[in-house]
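Structure record follows, encoded as structure tokens.
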Amino acid sequence: MDVTGIKDMAQKMAEGAAEMRRFLHARPEASWQEVETTRFIASKLEEIGFKDIKIGADGKPVGLVADLKGKKDGPTVALRADIDALGLTEESDLPYKSLFAGAAHACGHDGHITMLLHAAKLLYSIKDELTGSVRFIFQPAEEKGDHSGAHEMIREGVLDGVGAIAGMHLWSHVPSGKVQWRAGPVMASVDGWNVKFLGQGGHGAMPQNAIDPTVAAANFILALQTIVSREVNPLETGVISVGKLVSGDVINIIPERAEMIGNIRTFNPDIRDKMEAGFRRIADGIAATYRCSAEIKYTTLYPPVINDSALAELLRDTAVKVVGENNVEESPMLMTSEDFSFYQKKVPGVLFFLGSGDEAKKTTAPHHSPRFNIDDDVLPTGIALMSSFACAALEKLKNR
Ligand SMILES: [Zn+2]
Ligand SMILES: [Zn+2]
């Protein structure tokens with residue numbers, strides 16, 4: 001089937017897709033808790049006709065994988081959707097707003113599930129035209145950071161036999177219906193850190209009898225800035241942010257400890273090592289300067305998202321056929337992160353963006369904001385993009 005045929009089929013799914021997306025939006029489940037979401041997806045896949053659906057990841061009943069075999073044997077192309085929500089409370093008056101306090105689909109993953117399920121339905125209906133297989137990966141816990149769903153699923157073999165993988169993210173910063181793509185580096189790596197400066201508590205009137213960890217912490221925050229400004233090549237990129245600083249409770253007590261957490265992001269593995277080393281050196285050095293000790297915890301989280309050039313080109317060509325040349329643009333590099341990068345460390349992959357921001361429909365709030373929502377009218381475009389890309393990638397891999 002050509003792209004026009006696929007677009008027509010996807011367009012006919014518009015109403016059902018919007019309805020499904022809103023159903024899921026109202027029932028968000030945070031990372032590693034996507035039990036009902038998984039059940040829902042499994043039941044929809046069974047309705048379509050899928051058999052041998054593999055449910056679960058890391059010993060939990062969340063996440064699932066299903067294969068669609070074409071008429072003839074050939075390569076396997078994987079399409080991935082992340083399915084988790086965020087642990088925040090939605091602020092909206094939408095009729096389909098989250099039913100649960102402390103959980104919200106504030107990143108668009110409800111849309112990702114919907115589009116991939118409909119792409120599965122669409123491709124299932126034309127499976128006799130396919131040479132090879134399409135693997136549908138519904139991945140839990142993209143947002144978890146220190147316990148990535150992608151990482152766990154890969155460990156359990158989700159990429160076995162896969163020749164290429166694609167992921168799509170709805171993007172509220174980009175106007176509805178526009179597609180953004182990029183070859184090479186797209187999103188940054190991310191690491192998390194925690195530092196405790198330990199001093200000696202005392203009376204606020206007698207600093208000479210105490211060791212003040214807050215002063216160490218204050219100097220640490222300032223000194224930290226010199227890693228990016230003085231240690232990293234100005235032509236490279238990196239960012240260090242402090243996410244939290246806690247120290248003391250009352251006006252006349254010098255506290256025992258000051259604790260901070262934050263993150264480090266970059267694209268280049270050498271810079272990543274350099275930033276970590278600088279971070280540790282400055283924490284220890286500042287602690288020594290101010291007679292404190294430093295307890296440092298550094299956690300490597302996600303690698304950078306780096307798109308395979310050939311797949312990125314193929315995605316662009318496919319997108320041009322689906323949405324037209326004027327609606328396809330190059331994405332800037334972003335300092336945000338995505339655990340799709342774990343797949344790309346194993347097989348060639350492409351992560352791209354589908355704009356879902358529309359002022360009139362109030363869908364331009366930033367991702368992870370309590371007012372986040374997506375424009376349901378872009379769902380058929382996403383369905384057509386994923387389906388067309390799977391067909392194009394199968395053709396390409398077959399001819400290799
Ligand atoms: Zn997110
Ligand atoms: Zn997301």
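Lettering and numbering for the structure tokens are positional, with chains as A, B, ... in the shown order, residues counted from 1 in each chain, and ligands counted from 1 in the shown order.
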
(request) Show me which residues sit within 9 Å of ligand 2 when counting only C-alpha atoms and all ligand atoms, and put them as a ChimeraX atom specification. (result) /A:82-85,106-109,112,142-143,169-171,338,367-368

Let me see the file: selected residues, N, CA and C atoms, as a PDB file, in the first residue's frame.
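Writing the result to part_37.pdb gives the following:
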ATOM      1  N   ASP A  82       6.084   4.799  24.504  1.00  0.00           N
ATOM      2  CA  ASP A  82       6.190   4.745  25.963  1.00  0.00           C
ATOM      3  C   ASP A  82       4.796   4.959  26.535  1.00  0.00           C
ATOM      4  N   ILE A  83       4.523   4.330  27.685  1.00  0.00           N
ATOM      5  CA  ILE A  83       3.126   4.267  28.137  1.00  0.00           C
ATOM      6  C   ILE A  83       2.896   4.868  29.524  1.00  0.00           C
ATOM      7  N   ASP A  84       3.943   5.363  30.167  1.00  0.00           N
ATOM      8  CA  ASP A  84       3.761   5.829  31.545  1.00  0.00           C
ATOM      9  C   ASP A  84       3.314   7.278  31.636  1.00  0.00           C
ATOM     10  N   ALA A  85       2.713   7.593  32.791  1.00  0.00           N
ATOM     11  CA  ALA A  85       2.302   8.964  33.087  1.00  0.00           C
ATOM     12  C   ALA A  85       3.264   9.525  34.127  1.00  0.00           C
ATOM     13  N   ALA A 106       1.041  13.911  31.353  1.00  0.00           N
ATOM     14  CA  ALA A 106       1.491  15.273  31.075  1.00  0.00           C
ATOM     15  C   ALA A 106       2.673  15.294  30.109  1.00  0.00           C
ATOM     16  N   CYS A 107       2.886  14.185  29.395  1.00  0.00           N
ATOM     17  CA  CYS A 107       3.975  14.183  28.419  1.00  0.00           C
ATOM     18  C   CYS A 107       3.485  13.685  27.062  1.00  0.00           C
ATOM     19  N   GLY A 108       2.207  13.302  26.980  1.00  0.00           N
ATOM     20  CA  GLY A 108       1.651  12.866  25.688  1.00  0.00           C
ATOM     21  C   GLY A 108       1.743  11.376  25.441  1.00  0.00           C
ATOM     22  N   HIS A 109       2.147  10.603  26.454  1.00  0.00           N
ATOM     23  CA  HIS A 109       2.299   9.165  26.225  1.00  0.00           C
ATOM     24  C   HIS A 109       0.945   8.485  25.993  1.00  0.00           C
ATOM     25  N   HIS A 112       0.822   8.547  22.454  1.00  0.00           N
ATOM     26  CA  HIS A 112       1.755   7.567  21.864  1.00  0.00           C
ATOM     27  C   HIS A 112       1.132   6.170  21.832  1.00  0.00           C
ATOM     28  N   GLU A 142       9.284   5.254  30.962  1.00  0.00           N
ATOM     29  CA  GLU A 142      10.257   6.107  30.254  1.00  0.00           C
ATOM     30  C   GLU A 142      10.731   7.228  31.156  1.00  0.00           C
ATOM     31  N   GLU A 143       9.837   7.663  32.051  1.00  0.00           N
ATOM     32  CA  GLU A 143      10.102   8.859  32.857  1.00  0.00           C
ATOM     33  C   GLU A 143      10.900   8.544  34.121  1.00  0.00           C
ATOM     34  N   HIS A 169       7.641  11.194  19.322  1.00  0.00           N
ATOM     35  CA  HIS A 169       7.179  11.914  20.505  1.00  0.00           C
ATOM     36  C   HIS A 169       6.321  13.098  20.081  1.00  0.00           C
ATOM     37  N   LEU A 170       5.133  13.183  20.672  1.00  0.00           N
ATOM     38  CA  LEU A 170       4.311  14.380  20.461  1.00  0.00           C
ATOM     39  C   LEU A 170       5.053  15.547  21.090  1.00  0.00           C
ATOM     40  N   TRP A 171       4.921  16.726  20.488  1.00  0.00           N
ATOM     41  CA  TRP A 171       5.737  17.846  20.936  1.00  0.00           C
ATOM     42  C   TRP A 171       4.887  19.115  20.958  1.00  0.00           C
ATOM     43  N   GLU A 338      15.775  11.137  26.782  1.00  0.00           N
ATOM     44  CA  GLU A 338      14.767  10.106  26.475  1.00  0.00           C
ATOM     45  C   GLU A 338      15.444   8.746  26.558  1.00  0.00           C
ATOM     46  N   HIS A 367       5.615  20.294  28.139  1.00  0.00           N
ATOM     47  CA  HIS A 367       5.577  18.916  28.640  1.00  0.00           C
ATOM     48  C   HIS A 367       5.909  18.932  30.139  1.00  0.00           C
ATOM     49  N   HIS A 368       5.238  18.079  30.880  1.00  0.00           N
ATOM     50  CA  HIS A 368       5.396  17.920  32.331  1.00  0.00           C
ATOM     51  C   HIS A 368       4.726  19.045  33.121  1.00  0.00           C
TER      52      HIS A 368
END

(request) Within 9 Å of Tyr343 (chain A), counting only C-alpha atoms, which residues show up once you throw out same-chain ones fewer than 3 positions away? Write them as a list of chain:residue names, please. (result) A:Ala150, A:His151, A:Ile154, A:Leu159, A:Ile165, A:Asp339, A:Phe340, A:Lys346, A:Val347, A:Pro348, A:Gly349

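Note that CA of Ala10 (chain A) and CA of Val134 (chain A) are 17.4 Å apart.
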
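For the residues A:Asp308, A:Glu359, A:Glu295, A:Glu46, ranking by smallest atom-to-atom distance to Asn194 (chain A) using only C-alpha atoms places A:Glu295 first.
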
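Nearest to ligand 1 of all the residues A:Pro332, A:Gly167, A:Gly145, A:Gly382 is A:Gly145, counting only C-alpha atoms and all ligand atoms.
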
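Note that the spacing between CA of Ala164 (chain A) and CA of Val77 (chain A) amounts to 5.1 Å.
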
(message) Can you pull out every residue from region 46-170 of chain A that DSSP, working from the backbone, puts in strand (DSSP E or B), and format the result as a PyMOL selection string?
(response) chain A and resi 54-57+60-69+72-82+85-86+104+131-139+162-170

Output the selection as a compact mmCIF listing (two decimals), in the first residue's frame - C-alpha atoms for each residue.
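See again05.txt below for the written result:
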# COMPACT_ATOMS: atom_id res chain seq x y z
CA LYS A 54 4.43 -10.93 25.66
CA ILE A 55 3.42 -9.03 28.78
CA GLY A 56 5.67 -7.66 31.50
CA ALA A 57 9.10 -6.24 32.17
CA LYS A 60 6.22 -6.62 36.79
CA PRO A 61 3.00 -6.96 34.76
CA VAL A 62 3.65 -3.74 32.86
CA GLY A 63 4.66 -3.16 29.26
CA LEU A 64 4.15 -5.51 26.34
CA VAL A 65 5.49 -6.60 22.98
CA ALA A 66 3.71 -8.09 19.98
CA ASP A 67 4.96 -9.11 16.57
CA LEU A 68 3.14 -8.79 13.28
CA LYS A 69 4.43 -11.21 10.68
CA LYS A 72 6.87 -13.22 3.41
CA ASP A 73 9.83 -13.64 5.74
CA GLY A 74 12.16 -10.70 6.02
CA PRO A 75 13.66 -8.14 8.39
CA THR A 76 12.08 -6.92 11.61
CA VAL A 77 11.32 -3.26 12.23
CA ALA A 78 10.33 -2.17 15.75
CA LEU A 79 7.98 0.70 16.61
CA ARG A 80 8.04 1.91 20.18
CA ALA A 81 5.57 3.84 22.33
CA ASP A 82 6.19 4.75 25.96
CA ALA A 85 2.30 8.96 33.09
CA LEU A 86 3.87 11.41 35.52
CA ALA A 104 -1.29 12.73 34.92
CA THR A 131 7.82 -8.64 3.70
CA GLY A 132 9.20 -9.12 7.21
CA SER A 133 7.81 -8.33 10.64
CA VAL A 134 6.82 -5.29 12.63
CA ARG A 135 7.41 -5.45 16.37
CA PHE A 136 5.21 -3.22 18.53
CA ILE A 137 6.87 -2.25 21.78
CA PHE A 138 4.71 -0.66 24.47
CA GLN A 139 7.34 0.35 26.96
CA VAL A 162 15.38 -6.19 15.19
CA GLY A 163 17.07 -4.38 12.27
CA ALA A 164 15.76 -0.86 12.95
CA ILE A 165 13.62 0.95 15.51
CA ALA A 166 11.54 4.11 15.41
CA GLY A 167 9.96 6.19 18.14
CA MET A 168 7.76 9.25 17.87
CA HIS A 169 7.18 11.91 20.51
CA LEU A 170 4.31 14.38 20.46

(message) So that I can see what lies close to Glu29 (chain A), please list as a PyMOL selection string the residues with an atom at most 10 Å from it, counting only C-alpha atoms and leaving out residues fewer than 5 positions away in the same chain.
(response) chain A and resi 24+34-38+83-87+98+100+102-105+140-141

(message) Give me, as number ranges by chain, all polymer residues having an atom no more than 8 Å from Gly262 (chain A), counting only C-alpha atoms and skipping those fewer than 5 positions away in the same chain.
(response) A: 192-194, 240-244

Would you write out those residues with N, CA and C atoms, as a PDB file, in the first residue's frame?
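What ended up in selection.pdb:
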ATOM      1  N   GLY A 192      22.171  11.971  37.231  1.00  0.00           N
ATOM      2  CA  GLY A 192      21.659  12.617  38.439  1.00  0.00           C
ATOM      3  C   GLY A 192      22.718  12.605  39.527  1.00  0.00           C
ATOM      4  N   TRP A 193      22.715  13.616  40.375  1.00  0.00           N
ATOM      5  CA  TRP A 193      23.687  13.619  41.474  1.00  0.00           C
ATOM      6  C   TRP A 193      23.055  14.097  42.775  1.00  0.00           C
ATOM      7  N   ASN A 194      23.720  13.739  43.842  1.00  0.00           N
ATOM      8  CA  ASN A 194      23.281  14.116  45.183  1.00  0.00           C
ATOM      9  C   ASN A 194      24.546  14.392  45.987  1.00  0.00           C
ATOM     10  N   ILE A 240      24.589  21.976  33.884  1.00  0.00           N
ATOM     11  CA  ILE A 240      24.459  21.421  35.232  1.00  0.00           C
ATOM     12  C   ILE A 240      23.420  22.258  35.953  1.00  0.00           C
ATOM     13  N   SER A 241      22.423  21.603  36.514  1.00  0.00           N
ATOM     14  CA  SER A 241      21.408  22.347  37.255  1.00  0.00           C
ATOM     15  C   SER A 241      21.218  21.766  38.636  1.00  0.00           C
ATOM     16  N   VAL A 242      20.984  22.649  39.594  1.00  0.00           N
ATOM     17  CA  VAL A 242      20.650  22.226  40.950  1.00  0.00           C
ATOM     18  C   VAL A 242      19.133  22.146  41.034  1.00  0.00           C
ATOM     19  N   GLY A 243      18.620  20.988  41.445  1.00  0.00           N
ATOM     20  CA  GLY A 243      17.167  20.809  41.504  1.00  0.00           C
ATOM     21  C   GLY A 243      16.593  21.034  42.883  1.00  0.00           C
ATOM     22  N   LYS A 244      17.468  20.931  43.891  1.00  0.00           N
ATOM     23  CA  LYS A 244      16.951  21.040  45.257  1.00  0.00           C
ATOM     24  C   LYS A 244      18.112  21.354  46.191  1.00  0.00           C
TER      25      LYS A 244
END

(message) Using DSSP assignments from the backbone, pull out every residue in region 180-377 of chain A that falls under alpha helix (DSSP H) and give it to me as a ChimeraX atom specification.
(response) /A:213-226,269-289,309-323,340-344

(request) Tell me which protein, DNA and RNA residues are within 10 Å of Glu236 (chain A), counting only C-alpha atoms, leaving out same-chain ones fewer than 6 positions away, and put them as a ChimeraX atom specification. (result) /A:228,266-268,271

Convert the current residue selection to file output with all heavy atoms, as a PDB file, in the first residue's frame.
ATOM      1  N   VAL A 228      31.017  24.224  33.279  1.00  0.00           N
ATOM      2  CA  VAL A 228      30.590  24.523  31.903  1.00  0.00           C
ATOM      3  C   VAL A 228      31.336  25.741  31.358  1.00  0.00           C
ATOM      4  O   VAL A 228      31.799  25.736  30.219  1.00  0.00           O
ATOM      5  CB  VAL A 228      29.062  24.746  31.840  1.00  0.00           C
ATOM      6  CG1 VAL A 228      28.646  25.199  30.449  1.00  0.00           C
ATOM      7  CG2 VAL A 228      28.332  23.445  32.204  1.00  0.00           C
ATOM      8  N   THR A 266      24.710  16.417  28.653  1.00  0.00           N
ATOM      9  CA  THR A 266      25.594  16.761  27.546  1.00  0.00           C
ATOM     10  C   THR A 266      25.359  15.777  26.402  1.00  0.00           C
ATOM     11  O   THR A 266      24.519  14.875  26.525  1.00  0.00           O
ATOM     12  CB  THR A 266      27.070  16.739  27.987  1.00  0.00           C
ATOM     13  OG1 THR A 266      27.904  17.144  26.912  1.00  0.00           O
ATOM     14  CG2 THR A 266      27.493  15.345  28.439  1.00  0.00           C
ATOM     15  N   PHE A 267      26.084  15.943  25.292  1.00  0.00           N
ATOM     16  CA  PHE A 267      25.940  15.018  24.170  1.00  0.00           C
ATOM     17  C   PHE A 267      27.149  14.110  24.002  1.00  0.00           C
ATOM     18  O   PHE A 267      27.052  13.023  23.470  1.00  0.00           O
ATOM     19  CB  PHE A 267      25.745  15.805  22.862  1.00  0.00           C
ATOM     20  CG  PHE A 267      24.370  16.362  22.711  1.00  0.00           C
ATOM     21  CD1 PHE A 267      24.067  17.640  23.136  1.00  0.00           C
ATOM     22  CD2 PHE A 267      23.352  15.601  22.159  1.00  0.00           C
ATOM     23  CE1 PHE A 267      22.790  18.153  23.020  1.00  0.00           C
ATOM     24  CE2 PHE A 267      22.072  16.093  22.037  1.00  0.00           C
ATOM     25  CZ  PHE A 267      21.791  17.382  22.462  1.00  0.00           C
ATOM     26  N   ASN A 268      28.310  14.605  24.423  1.00  0.00           N
ATOM     27  CA  ASN A 268      29.568  13.960  24.116  1.00  0.00           C
ATOM     28  C   ASN A 268      30.041  13.122  25.316  1.00  0.00           C
ATOM     29  O   ASN A 268      30.152  13.640  26.428  1.00  0.00           O
ATOM     30  CB  ASN A 268      30.554  15.106  23.801  1.00  0.00           C
ATOM     31  CG  ASN A 268      31.942  14.633  23.512  1.00  0.00           C
ATOM     32  OD1 ASN A 268      32.373  13.581  23.960  1.00  0.00           O
ATOM     33  ND2 ASN A 268      32.668  15.449  22.753  1.00  0.00           N
ATOM     34  N   ILE A 271      32.901  14.608  27.259  1.00  0.00           N
ATOM     35  CA  ILE A 271      32.486  15.759  28.075  1.00  0.00           C
ATOM     36  C   ILE A 271      31.727  15.270  29.312  1.00  0.00           C
ATOM     37  O   ILE A 271      31.871  15.804  30.410  1.00  0.00           O
ATOM     38  CB  ILE A 271      31.582  16.722  27.250  1.00  0.00           C
ATOM     39  CG1 ILE A 271      32.308  17.213  25.997  1.00  0.00           C
ATOM     40  CG2 ILE A 271      31.078  17.871  28.094  1.00  0.00           C
ATOM     41  CD1 ILE A 271      33.356  18.255  26.233  1.00  0.00           C
TER      42      ILE A 271
END

(message) Calculated over only C-alpha atoms and all ligand atoms, which of the candidates A:Ser31, A:Val179, A:Ile282, A:Val3 has the smallest distance to ligand 1?
(response) A:Ser31

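Distances to ligand 1 were evaluated for A:Trp181, A:Ile253, A:Phe372, A:Leu397 using only C-alpha atoms and all ligand atoms, and the minimum falls at A:Phe372.
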
(message) Can you pull out the residues contacting Gly111 (chain A)? Cut-off 8 Å, using only C-alpha atoms, and skip same-chain residues under 5 positions away; I want them as a list in words.
(response) Arg21, Leu170, Ile374, Asp376 and Leu379 of chain A

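Of the listed residues A:Ser369, A:Thr318, A:Thr214, A:Asn252, the one whose atoms come nearest to ligand 1 is A:Ser369, with distances taken using only C-alpha atoms and all ligand atoms.
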
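Counting only C-alpha atoms and comparing A:Met115, A:Ile254, A:Ala188, A:Leu315, the residue that lies closest to Pro303 (chain A) is A:Ala188.
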
(message) To one decimal place in Å, what is the distance between CA of Val322 (chain A) and CA of Thr4 (chain A)?
(response) 7.6 Å
